[in-house]
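Have a look at input-v3.txt; it's compact mmCIF, C-alpha atoms:
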```txt
# COMPACT_ATOMS: atom_id res chain seq x y z
CA GLY A 10 -28.84 32.30 -2.91
CA LEU A 11 -30.94 29.78 -4.75
CA HIS A 12 -33.14 27.85 -2.30
CA HIS A 13 -36.08 26.61 -4.36
CA VAL A 14 -36.99 25.96 -7.99
CA ASP A 15 -40.76 25.55 -8.07
CA ASP A 16 -41.52 22.71 -5.62
CA TYR A 17 -37.91 21.48 -5.57
CA GLU A 18 -35.79 22.32 -2.55
CA ILE A 19 -32.17 23.02 -3.49
CA LEU A 20 -29.90 20.89 -1.32
CA GLU A 21 -26.59 21.77 -2.94
CA ILE A 22 -25.15 23.79 -5.80
CA VAL A 23 -22.94 21.25 -7.54
CA GLN A 24 -21.68 23.27 -10.49
CA GLU A 25 -22.26 26.73 -11.88
CA ASN A 26 -21.17 28.39 -15.11
CA ARG A 27 -22.36 31.04 -17.50
CA LEU A 28 -24.87 28.77 -19.25
CA SER A 29 -26.33 26.63 -16.46
CA ILE A 30 -26.47 25.86 -12.77
CA LEU A 31 -26.34 22.21 -11.69
CA CYS A 32 -28.11 21.50 -8.40
CA LYS A 33 -28.92 18.61 -6.12
CA ALA A 34 -32.58 18.97 -5.16
CA ARG A 35 -35.46 17.11 -3.52
CA HIS A 36 -39.19 17.15 -4.29
CA PRO A 37 -41.50 16.81 -1.27
CA ASP A 38 -43.34 13.93 -2.95
CA GLN A 39 -40.17 11.96 -3.71
CA SER A 40 -37.80 10.19 -1.34
CA GLU A 41 -34.82 10.21 -3.68
CA PRO A 42 -33.00 13.44 -4.63
CA VAL A 43 -32.84 14.57 -8.24
CA MET A 44 -30.44 16.61 -10.35
CA LEU A 45 -31.64 19.94 -11.74
CA ARG A 46 -29.84 21.77 -14.52
CA LEU A 47 -31.15 25.30 -14.56
CA PHE A 48 -30.42 27.04 -17.86
CA THR A 49 -29.45 30.69 -17.43
CA THR A 50 -30.54 33.53 -19.70
CA ALA A 51 -27.10 33.36 -21.37
CA SER A 52 -27.96 29.89 -22.68
CA LYS A 53 -30.84 31.44 -24.69
CA VAL A 54 -33.09 28.48 -23.99
CA ASP A 55 -36.63 29.49 -25.01
CA ALA A 56 -39.79 27.58 -25.80
CA THR A 57 -38.43 26.54 -29.21
CA VAL A 58 -35.16 25.17 -27.77
CA ALA A 59 -37.08 23.56 -24.90
CA ALA A 60 -39.31 21.75 -27.39
CA ARG A 61 -36.21 20.40 -29.18
CA LEU A 62 -34.73 19.29 -25.86
CA THR A 63 -37.97 17.51 -25.02
CA GLU A 64 -37.84 15.61 -28.32
CA GLU A 65 -34.25 14.57 -27.64
CA LEU A 66 -35.20 13.55 -24.12
CA GLU A 67 -37.88 11.20 -25.48
CA ALA A 68 -35.22 9.52 -27.62
CA LEU A 69 -32.86 9.25 -24.67
CA ARG A 70 -35.50 7.50 -22.55
CA LYS A 71 -34.82 4.43 -24.69
CA LEU A 72 -31.19 4.24 -23.60
CA PRO A 73 -30.28 1.52 -21.04
CA ALA A 74 -30.72 2.81 -17.50
CA ASP A 75 -27.64 0.91 -16.34
CA GLN A 76 -25.45 2.77 -18.86
CA PHE A 77 -26.84 6.29 -19.05
CA VAL A 78 -28.03 8.94 -16.63
CA GLN A 79 -31.82 9.10 -16.85
CA HIS A 80 -33.26 12.51 -17.80
CA GLN A 81 -36.86 12.85 -16.73
CA GLN A 82 -38.36 16.08 -18.07
CA ILE A 83 -37.85 19.66 -19.27
CA ARG A 84 -39.82 22.28 -17.35
CA ARG A 85 -40.11 26.03 -17.11
CA ALA A 86 -39.70 27.46 -13.62
CA SER A 87 -41.99 30.10 -12.17
CA MET A 88 -39.02 32.50 -12.35
CA GLY A 89 -39.07 32.12 -16.13
CA LEU A 90 -35.95 29.95 -16.60
CA TRP A 91 -36.07 26.48 -18.13
CA TYR A 92 -34.59 23.50 -16.30
CA ARG A 93 -34.02 19.81 -16.80
CA VAL A 94 -34.85 17.16 -14.18
CA SER A 95 -32.60 14.09 -14.10
CA ALA A 96 -31.94 11.19 -11.77
CA TRP A 97 -29.39 12.02 -9.09
CA VAL A 98 -26.12 10.06 -9.32
CA GLU A 99 -23.85 9.84 -6.28
CA ALA A 100 -20.73 9.90 -8.38
CA ILE A 101 -17.04 9.92 -7.50
CA SER A 102 -15.09 12.76 -9.06
CA TRP A 103 -12.35 11.70 -11.45
CA GLY A 104 -9.79 13.58 -9.40
CA ASP A 105 -10.70 11.63 -6.28
CA LEU A 106 -10.87 8.38 -8.23
CA ILE A 107 -7.46 8.75 -9.88
CA THR A 108 -5.76 9.73 -6.60
CA SER A 109 -7.56 7.07 -4.53
CA GLY A 110 -5.31 4.26 -5.79
CA ARG A 111 -8.10 2.14 -7.29
CA MET A 112 -7.06 3.09 -10.81
CA LYS A 113 -3.58 1.63 -10.35
CA TYR A 114 -5.06 -1.82 -11.03
CA LEU A 115 -5.17 -2.39 -14.79
CA SER A 116 -8.11 -4.75 -14.46
CA THR A 117 -10.19 -1.93 -12.92
CA VAL A 118 -9.22 0.50 -15.69
CA ILE A 119 -9.98 -2.02 -18.45
CA ASP A 120 -13.34 -2.78 -16.86
CA LEU A 121 -14.26 0.93 -16.96
CA PHE A 122 -13.02 1.22 -20.57
CA HIS A 123 -15.14 -1.76 -21.53
CA GLN A 124 -18.22 -0.19 -19.94
CA MET A 125 -17.55 3.05 -21.85
CA ALA A 126 -17.21 1.21 -25.17
CA ILE A 127 -20.43 -0.71 -24.60
CA ALA A 128 -22.29 2.53 -23.82
CA ILE A 129 -20.97 4.21 -26.99
CA ASP A 130 -21.96 1.14 -29.00
CA SER A 131 -25.48 1.40 -27.50
CA LEU A 132 -25.69 4.99 -28.77
CA HIS A 133 -24.52 4.03 -32.25
CA ARG A 134 -27.05 1.22 -32.48
CA ARG A 135 -29.75 3.86 -31.89
CA GLN A 136 -28.25 6.24 -34.44
CA LEU A 137 -27.11 8.67 -31.72
CA LEU A 138 -23.72 10.36 -31.63
CA ILE A 139 -21.55 11.87 -28.89
CA PRO A 140 -18.51 13.36 -30.69
CA HIS A 141 -17.95 15.92 -27.92
CA LEU A 142 -17.48 13.21 -25.30
CA ILE A 143 -15.21 14.33 -22.45
CA LEU A 144 -14.30 12.92 -19.06
CA ASP A 145 -16.91 15.11 -17.37
CA ASP A 146 -19.63 13.21 -19.26
CA LEU A 147 -18.63 9.95 -17.56
CA MET A 148 -19.90 9.43 -14.02
CA VAL A 149 -18.51 6.67 -11.82
CA THR A 150 -20.35 5.12 -8.89
CA VAL A 151 -19.69 2.13 -6.65
CA ASP A 152 -22.18 -0.73 -6.76
CA PRO A 153 -22.99 -3.01 -3.76
CA SER A 154 -20.22 -5.44 -4.78
CA ASN A 155 -17.68 -2.56 -4.60
CA ARG A 156 -17.27 -2.60 -8.38
CA LEU A 157 -16.87 0.73 -10.17
CA LYS A 158 -19.96 1.33 -12.29
CA LEU A 159 -19.96 3.84 -15.14
CA LEU A 160 -22.86 5.98 -16.37
CA VAL A 161 -22.74 8.29 -19.38
CA ASP A 162 -24.35 11.69 -18.89
CA TYR A 163 -25.53 12.24 -22.45
CA LYS A 164 -25.82 16.00 -22.82
CA LEU A 165 -29.00 17.25 -24.47
CA SER A 166 -27.96 19.60 -27.25
CA ARG A 167 -24.50 20.31 -25.88
CA PHE A 168 -24.37 23.43 -28.02
CA LEU A 169 -27.61 25.20 -27.21
CA THR A 170 -26.39 28.27 -29.05
CA PRO A 171 -24.11 28.32 -32.10
CA ASP A 172 -21.95 31.07 -30.62
CA LEU A 173 -20.68 29.16 -27.58
CA ASP A 174 -17.63 31.24 -26.74
CA THR A 175 -16.83 30.11 -23.23
CA PRO A 176 -16.79 26.29 -23.09
CA ARG A 177 -15.45 24.61 -19.98
CA PRO A 178 -11.68 23.81 -20.03
CA MET A 179 -12.04 20.12 -20.79
CA LEU A 180 -14.50 20.72 -23.62
CA ARG A 181 -12.36 23.59 -24.90
CA GLY A 182 -9.38 21.21 -25.05
CA LEU A 183 -11.40 18.71 -27.08
CA LEU A 184 -12.59 21.38 -29.53
CA LYS A 185 -8.98 22.44 -30.04
CA CYS A 186 -7.57 18.91 -30.48
CA HIS A 187 -10.21 16.79 -32.23
CA PRO A 188 -8.98 16.36 -35.84
CA ASP A 189 -12.53 16.12 -37.24
CA ILE A 190 -13.66 19.28 -35.46
CA VAL A 191 -10.50 21.20 -36.32
CA SER A 192 -10.74 20.23 -40.01
CA GLY A 193 -14.47 20.91 -40.17
CA ALA A 194 -15.21 17.38 -41.37
CA PRO A 195 -18.71 15.94 -40.83
CA LEU A 196 -18.99 14.36 -37.37
CA ASP A 197 -20.05 10.72 -37.25
CA ALA A 198 -19.58 7.58 -35.18
CA ARG A 199 -15.86 7.55 -35.98
CA SER A 200 -15.59 10.98 -34.40
CA ASP A 201 -16.98 9.47 -31.21
CA ILE A 202 -14.21 6.86 -31.26
CA TRP A 203 -11.48 9.52 -31.37
CA SER A 204 -13.05 11.29 -28.38
CA LEU A 205 -13.30 7.98 -26.53
CA GLY A 206 -9.63 7.23 -27.28
CA LYS A 207 -8.65 10.62 -25.87
CA VAL A 208 -10.58 9.82 -22.69
CA PHE A 209 -8.74 6.48 -22.45
CA SER A 210 -5.35 8.18 -22.85
CA GLU A 211 -6.22 10.86 -20.27
CA ILE A 212 -7.06 8.20 -17.68
CA LEU A 213 -3.93 6.14 -18.39
CA THR A 214 -1.49 9.07 -18.52
CA ALA A 215 -3.27 11.57 -16.21
CA ASP A 216 -2.43 14.14 -18.87
CA PHE A 217 -5.48 16.29 -19.62
CA LYS A 218 -3.78 19.03 -21.63
CA SER A 219 -1.85 17.42 -24.47
CA CYS A 220 -3.59 17.16 -27.82
CA ASP A 221 -1.42 14.35 -29.18
CA ALA A 222 -1.26 11.44 -26.74
CA THR A 223 0.28 8.94 -29.16
CA PRO A 224 3.93 9.60 -28.11
CA ARG A 225 3.05 8.58 -24.57
CA ILE A 226 1.40 5.33 -25.58
CA ASP A 227 4.72 3.50 -26.12
CA PHE A 228 5.73 4.20 -22.51
CA LEU A 229 2.51 2.89 -20.95
CA LYS A 230 2.82 -0.32 -18.93
CA VAL A 231 -0.19 -1.94 -20.60
CA PRO A 232 -0.67 -4.93 -22.93
CA GLU A 233 0.48 -4.44 -26.52
CA ASP A 234 -3.01 -5.04 -27.93
CA LEU A 235 -4.28 -2.13 -25.81
CA LYS A 236 -1.51 0.10 -27.19
CA ARG A 237 -2.49 -0.87 -30.74
CA LEU A 238 -6.13 -0.15 -29.95
CA LEU A 239 -5.30 3.33 -28.62
CA ARG A 240 -3.21 4.18 -31.69
CA THR A 241 -6.03 3.24 -34.08
CA MET A 242 -8.68 5.06 -32.02
CA LEU A 243 -6.58 8.24 -32.09
CA ALA A 244 -5.75 7.98 -35.77
CA GLU A 245 -6.13 11.27 -37.62
CA ASP A 246 -7.71 9.44 -40.55
CA PRO A 247 -11.29 8.50 -39.55
CA ASP A 248 -11.21 5.40 -41.78
CA LEU A 249 -8.50 3.86 -39.57
CA ARG A 250 -10.57 4.10 -36.39
CA PRO A 251 -12.40 0.95 -35.26
CA ARG A 252 -16.12 0.73 -34.58
CA ALA A 253 -17.34 0.90 -30.98
CA ALA A 254 -18.27 -2.79 -31.06
CA ALA A 255 -14.73 -3.70 -32.12
CA VAL A 256 -13.29 -1.56 -29.33
CA ALA A 257 -15.55 -3.32 -26.83
CA ALA A 258 -14.49 -6.73 -28.19
CA VAL A 259 -10.78 -5.98 -27.80
CA LEU A 260 -11.29 -4.65 -24.29
CA LEU A 261 -13.39 -7.67 -23.37
CA ARG A 262 -10.61 -9.99 -24.57
CA ILE A 263 -8.01 -8.09 -22.49
CA LYS A 264 -10.37 -8.04 -19.53
CA ARG A 265 -10.91 -11.81 -19.65
CA ARG A 266 -7.18 -12.40 -19.92
CA LEU A 267 -6.52 -10.21 -16.88
CA VAL A 268 -9.30 -11.91 -14.94
CA ALA A 269 -7.88 -15.33 -15.79
CA LYS A 270 -4.41 -14.18 -14.75
CA GLN A 271 -5.74 -12.83 -11.46
CA ALA A 272 -7.70 -16.04 -10.91
CA ALA A 273 -4.53 -18.09 -11.44
CA LYS A 274 -2.63 -15.90 -8.97
CA GLN A 275 -5.46 -16.17 -6.48
CA ALA A 276 -5.55 -19.95 -6.89
CA ALA A 277 -1.79 -20.13 -6.37
CA ARG A 278 -2.06 -17.99 -3.23
CA GLN A 279 -4.90 -20.15 -1.94
CA ALA A 280 -2.91 -23.31 -2.64
CA ALA A 281 0.15 -21.89 -0.88
CA LYS A 282 -2.00 -20.76 2.03
CA LYS A 283 -3.65 -24.18 2.22
CA ALA A 284 -0.25 -25.94 2.12
CA ALA A 285 1.08 -23.63 4.82
CA GLY A 286 -2.01 -24.28 6.92
CA LYS A 287 -1.64 -28.01 6.47
CA LYS A 288 2.03 -27.86 7.43
CA MET A 289 1.20 -25.76 10.46
CA GLY A 290 -1.54 -28.20 11.41
CA GLU A 291 0.88 -31.10 11.22
CA ALA A 292 3.38 -29.16 13.28
CA LYS A 293 0.70 -28.45 15.88
CA ARG A 294 -0.26 -32.12 15.96
CA ASN A 295 3.39 -33.05 16.54
CA LEU A 296 3.72 -30.64 19.43
CA PRO A 297 3.75 -32.35 22.87
CA THR A 298 0.81 -31.85 25.18
CA THR A 299 1.06 -29.83 28.37
CA GLU A 300 1.16 -33.01 30.47
CA GLU A 301 4.03 -34.37 28.37
CA VAL A 302 5.97 -31.12 28.73
CA LEU A 303 5.47 -31.12 32.52
CA ARG A 304 6.46 -34.78 32.76
CA LYS A 305 9.69 -34.16 30.83
CA LEU A 306 10.42 -31.09 32.93
CA ARG A 307 9.98 -33.03 36.18
CA LEU A 308 12.25 -35.78 34.84
CA ARG A 309 14.99 -33.30 33.97
CA ILE A 310 14.76 -31.64 37.40
CA SER A 311 14.99 -35.04 39.09
CA ILE A 312 18.09 -35.94 37.07
CA LEU A 313 19.75 -32.62 37.96
CA LEU A 314 19.00 -33.11 41.66
CA ALA A 315 20.43 -36.64 41.54
CA ILE A 316 23.63 -35.35 39.93
CA VAL A 317 23.99 -32.65 42.60
CA VAL A 318 23.46 -35.15 45.43
CA PHE A 319 25.95 -37.57 43.88
CA MET A 320 28.58 -34.85 43.62
CA LEU A 321 28.05 -33.82 47.23
CA VAL A 322 28.35 -37.41 48.42
CA ALA A 323 31.54 -37.88 46.40
CA LEU A 324 33.17 -34.60 47.44
CA VAL A 325 32.66 -34.85 51.24
CA PRO A 326 34.98 -37.88 51.77
CA PHE A 327 37.52 -36.42 49.38
CA TRP A 328 37.52 -33.12 51.24
CA PHE A 329 37.91 -34.91 54.60
CA PHE A 330 40.72 -37.11 53.32
CA TRP A 331 42.57 -34.21 51.65
CA GLY A 332 42.34 -32.10 54.82
CA ARG A 333 43.63 -34.96 56.89
CA GLN A 334 46.54 -35.52 54.54
CA GLN A 335 47.49 -31.85 54.73
CA GLN A 336 47.46 -32.00 58.50
CA MET A 337 49.52 -35.23 58.55
CA SER A 338 52.15 -33.84 56.20
CA ALA A 339 52.64 -30.69 58.33
CA ASP A 340 52.99 -32.45 61.74
CA PRO A 341 56.41 -34.23 61.22
CA LEU A 342 58.07 -31.04 60.01
CA ALA A 343 56.78 -29.13 63.05
CA ASN A 344 58.03 -31.83 65.43
CA TYR A 345 61.40 -31.86 63.75
CA ALA A 346 61.75 -28.13 64.09
CA ASN A 347 60.74 -28.22 67.75
CA ASP A 348 63.36 -30.86 68.55
CA TYR A 349 66.17 -28.57 67.42
CA ALA A 350 64.72 -25.27 68.63
CA GLY A 351 67.23 -25.09 71.45
CA SER A 352 70.16 -25.64 69.11
CA VAL A 353 69.57 -22.55 67.02
CA ALA A 354 71.52 -19.36 67.83
CA PHE A 355 71.79 -15.88 66.36
CA VAL A 356 75.33 -15.16 65.20
CA LEU A 357 76.81 -11.68 64.71
CA VAL A 358 80.34 -11.55 63.28
CA GLY A 359 82.41 -8.40 62.90
CA TYR A 360 85.60 -8.44 60.85
CA GLU A 361 88.14 -6.02 59.47
CA LEU A 362 91.36 -5.91 57.38
CA THR A 363 94.37 -3.79 58.43
CA LEU A 364 97.78 -3.19 57.01
CA ASP A 365 100.50 -1.64 59.15
CA ASP A 366 97.93 -0.38 61.60
CA SER A 367 95.90 1.07 58.74
CA LEU A 368 92.26 -0.02 58.38
CA ILE A 369 91.62 -1.13 54.87
CA TYR A 370 88.20 -2.88 55.11
CA GLN A 371 85.64 -3.43 57.87
CA ASN A 372 82.20 -5.15 57.85
CA GLN A 373 79.78 -7.21 59.91
CA THR A 374 77.25 -9.92 59.11
CA GLU A 375 74.60 -11.79 60.99
CA GLY A 376 72.56 -14.96 60.56
CA THR A 377 71.11 -17.99 62.26
CA ALA A 378 73.47 -20.80 63.21
CA PHE A 379 72.22 -24.36 63.38
CA LEU A 380 73.40 -26.97 65.96
CA VAL A 381 74.78 -24.90 68.84
CA ASP A 382 75.62 -26.47 72.23
CA ARG A 383 74.41 -25.16 75.58
CA ASP A 384 77.52 -23.01 75.98
CA GLY A 385 76.97 -21.34 72.64
CA TYR A 386 79.71 -23.02 70.68
CA LEU A 387 78.96 -23.95 67.10
CA LEU A 388 78.83 -27.63 66.38
CA THR A 389 78.72 -27.12 62.59
CA ASN A 390 79.52 -24.39 60.17
CA ARG A 391 76.08 -24.73 58.54
CA HIS A 392 74.07 -21.57 59.01
CA VAL A 393 71.31 -19.60 57.36
```

The structure given in the file should be rewritten as structure tokens.
Amino acid sequence: GLHHVDDYEILEIVQENRLSILCKARHPDQSEPVMLRLFTTASKVDATVAARLTEELEALRKLPADQFVQHQQIRRASMGLWYRVSAWVEAISWGDLITSGRMKYLSTVIDLFHQMAIAIDSLHRRQLLIPHLILDDLMVTVDPSNRLKLLVDYKLSRFLTPDLDTPRPMLRGLLKCHPDIVSGAPLDARSDIWSLGKVFSEILTADFKSCDATPRIDFLKVPEDLKRLLRTMLAEDPDLRPRAAAVAAVLLRIKRRLVAKQAAKQAARQAAKKAAGKKMGEAKRNLPTTEEVLRKLRLRISILLAIVVFMLVALVPFWFFWGRQQQMSADPLANYANDYAGSVAFVLVGYELTLDDSLIYQNQTEGTAFLVDRDGYLLTNRHV
């Protein structure tokens, strides 16, 4: 494997293809890592191409460091291959960024679009073009305030050889779809705008294969002025495409509107939160203290005890009187029954009905007779 390139220690192989190897490396005299792009023999980079790359690099040094990846130098390794030294960027891959959920906020997406448009406008002001712009050329980092920061990796002589037959998939898709490239028209700043519009549509739709993104624009849940901007940027006629500065202006207007809308929502939430806090504070102030709660509790217990005592005091005499009345009502009846106990007899009567010495009916009955004399004779016909 590749462990060193001259004095640079290879920390990681980031990307490898037929034309170059992209590495994360560290120089012993530097604390920060750097990015090395080692050009393979298939790239056909020689001293002549290296000299052209060096000239381009001098021009790129003038680009804003907060918008573009900084390329430092072109060198030839001891192994004979040429390589480029650039500042290392701890970037988030677009796949991770799109699936992370941060891109679901339109304000975040518009902010990135605005940064892209400003960077392209910076290139145009310096008479530099980037018609082969693809998503891989845009590197996203996170700044200390947790804002997504965009850097453009401006490729030095993207086509090092005229017979580039194996471009990477994303670049191959652009070469197949770009109307200016397909038609063979001269590439200019307007060509950059079409490529930038394709990048916008890829981020919004997550569709990286379709050549014509305009049918999807109508279904995007974005402001109408952004839809109009995308349609003009992707116009097949270059004369209909806006300048980079105009694109940046439209995006800035949308961005400010979204920021104002978010600020209004935030203010409304803060006001609601403040009102709720005030209401809760008033409710807390109206709550009784612990001493008041205990005092009320003791009062209620005392009242309950008093009610119980009162009921007991009222029920005892009633219970005594009611029991006495029951006893008094039962005594006379018992005495009355005892007085006549000796006058009660058990009576058994047998009877029958005959006709001409023939028994027709026979029966017996018994009961208690009341008022019987000492000899057993009935004094009354009343019986039970």

Item to check | Shell around Leu183 in chain A at 9 Å using all atoms listed in the file, local window under 5 positions removed, as a list in words | outcome: His141, Leu142, Ile143, Pro178, Ile190, Ser204, Lys207 and Cys220 of chain A

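Among the candidates A:Leu69, A:Met88, A:Leu180, A:Val78, the residue lying nearest to Leu132 in chain A is A:Leu69 (atoms considered: only C-alpha atoms).
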
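Closest approach to Asp189 in chain A from the set A:Gly286, A:Gly110, A:Pro247, A:Pro224 is made by A:Pro247, with distances taken over all atoms listed in the file.
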
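CA of Tyr360 in chain A sits 8.7 Å away from CA of Thr374 in chain A.
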
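Take CA of Pro153 in chain A and CA of Val98 in chain A: the distance between them is 14.5 Å.
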
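Nearest residue to Leu205 in chain A, choosing from A:His187, A:His12, A:His80, A:Arg307 and counting only C-alpha atoms: A:His187.
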
Can you pull out the residues contacting range 62-66 of chain A? Cut-off 12 Å, using all atoms listed in the file, and skip same-chain residues under 4 positions away; I want them as a compact mmCIF listing (two decimals) with C-alpha atoms, in the frame of the given file.
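The resulting file, part_21.txt, is shown below:
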```
# COMPACT_ATOMS: atom_id res chain seq x y z
CA PHE A 48 -30.42 27.04 -17.86
CA VAL A 54 -33.09 28.48 -23.99
CA ASP A 55 -36.63 29.49 -25.01
CA ALA A 56 -39.79 27.58 -25.80
CA THR A 57 -38.43 26.54 -29.21
CA VAL A 58 -35.16 25.17 -27.77
CA ARG A 70 -35.50 7.50 -22.55
CA LYS A 71 -34.82 4.43 -24.69
CA LEU A 72 -31.19 4.24 -23.60
CA VAL A 78 -28.03 8.94 -16.63
CA GLN A 79 -31.82 9.10 -16.85
CA HIS A 80 -33.26 12.51 -17.80
CA GLN A 81 -36.86 12.85 -16.73
CA GLN A 82 -38.36 16.08 -18.07
CA ILE A 83 -37.85 19.66 -19.27
CA ARG A 84 -39.82 22.28 -17.35
CA ARG A 85 -40.11 26.03 -17.11
CA TRP A 91 -36.07 26.48 -18.13
CA TYR A 92 -34.59 23.50 -16.30
CA ARG A 93 -34.02 19.81 -16.80
CA VAL A 94 -34.85 17.16 -14.18
CA SER A 95 -32.60 14.09 -14.10
CA LEU A 137 -27.11 8.67 -31.72
CA TYR A 163 -25.53 12.24 -22.45
CA LYS A 164 -25.82 16.00 -22.82
CA LEU A 165 -29.00 17.25 -24.47
CA SER A 166 -27.96 19.60 -27.25
CA ARG A 167 -24.50 20.31 -25.88
CA PHE A 168 -24.37 23.43 -28.02
CA LEU A 169 -27.61 25.20 -27.21
```

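Every protein or nucleic acid residue with an atom no more than 9 Å from range 259-263 of chain A, counting all atoms listed in the file and leaving out same-chain residues fewer than 6 positions away, appears here: Ser116, Ile119, Asp120, Phe122, His123, Ala126, Pro232, Asp234, Leu235 and Leu238 of chain A.
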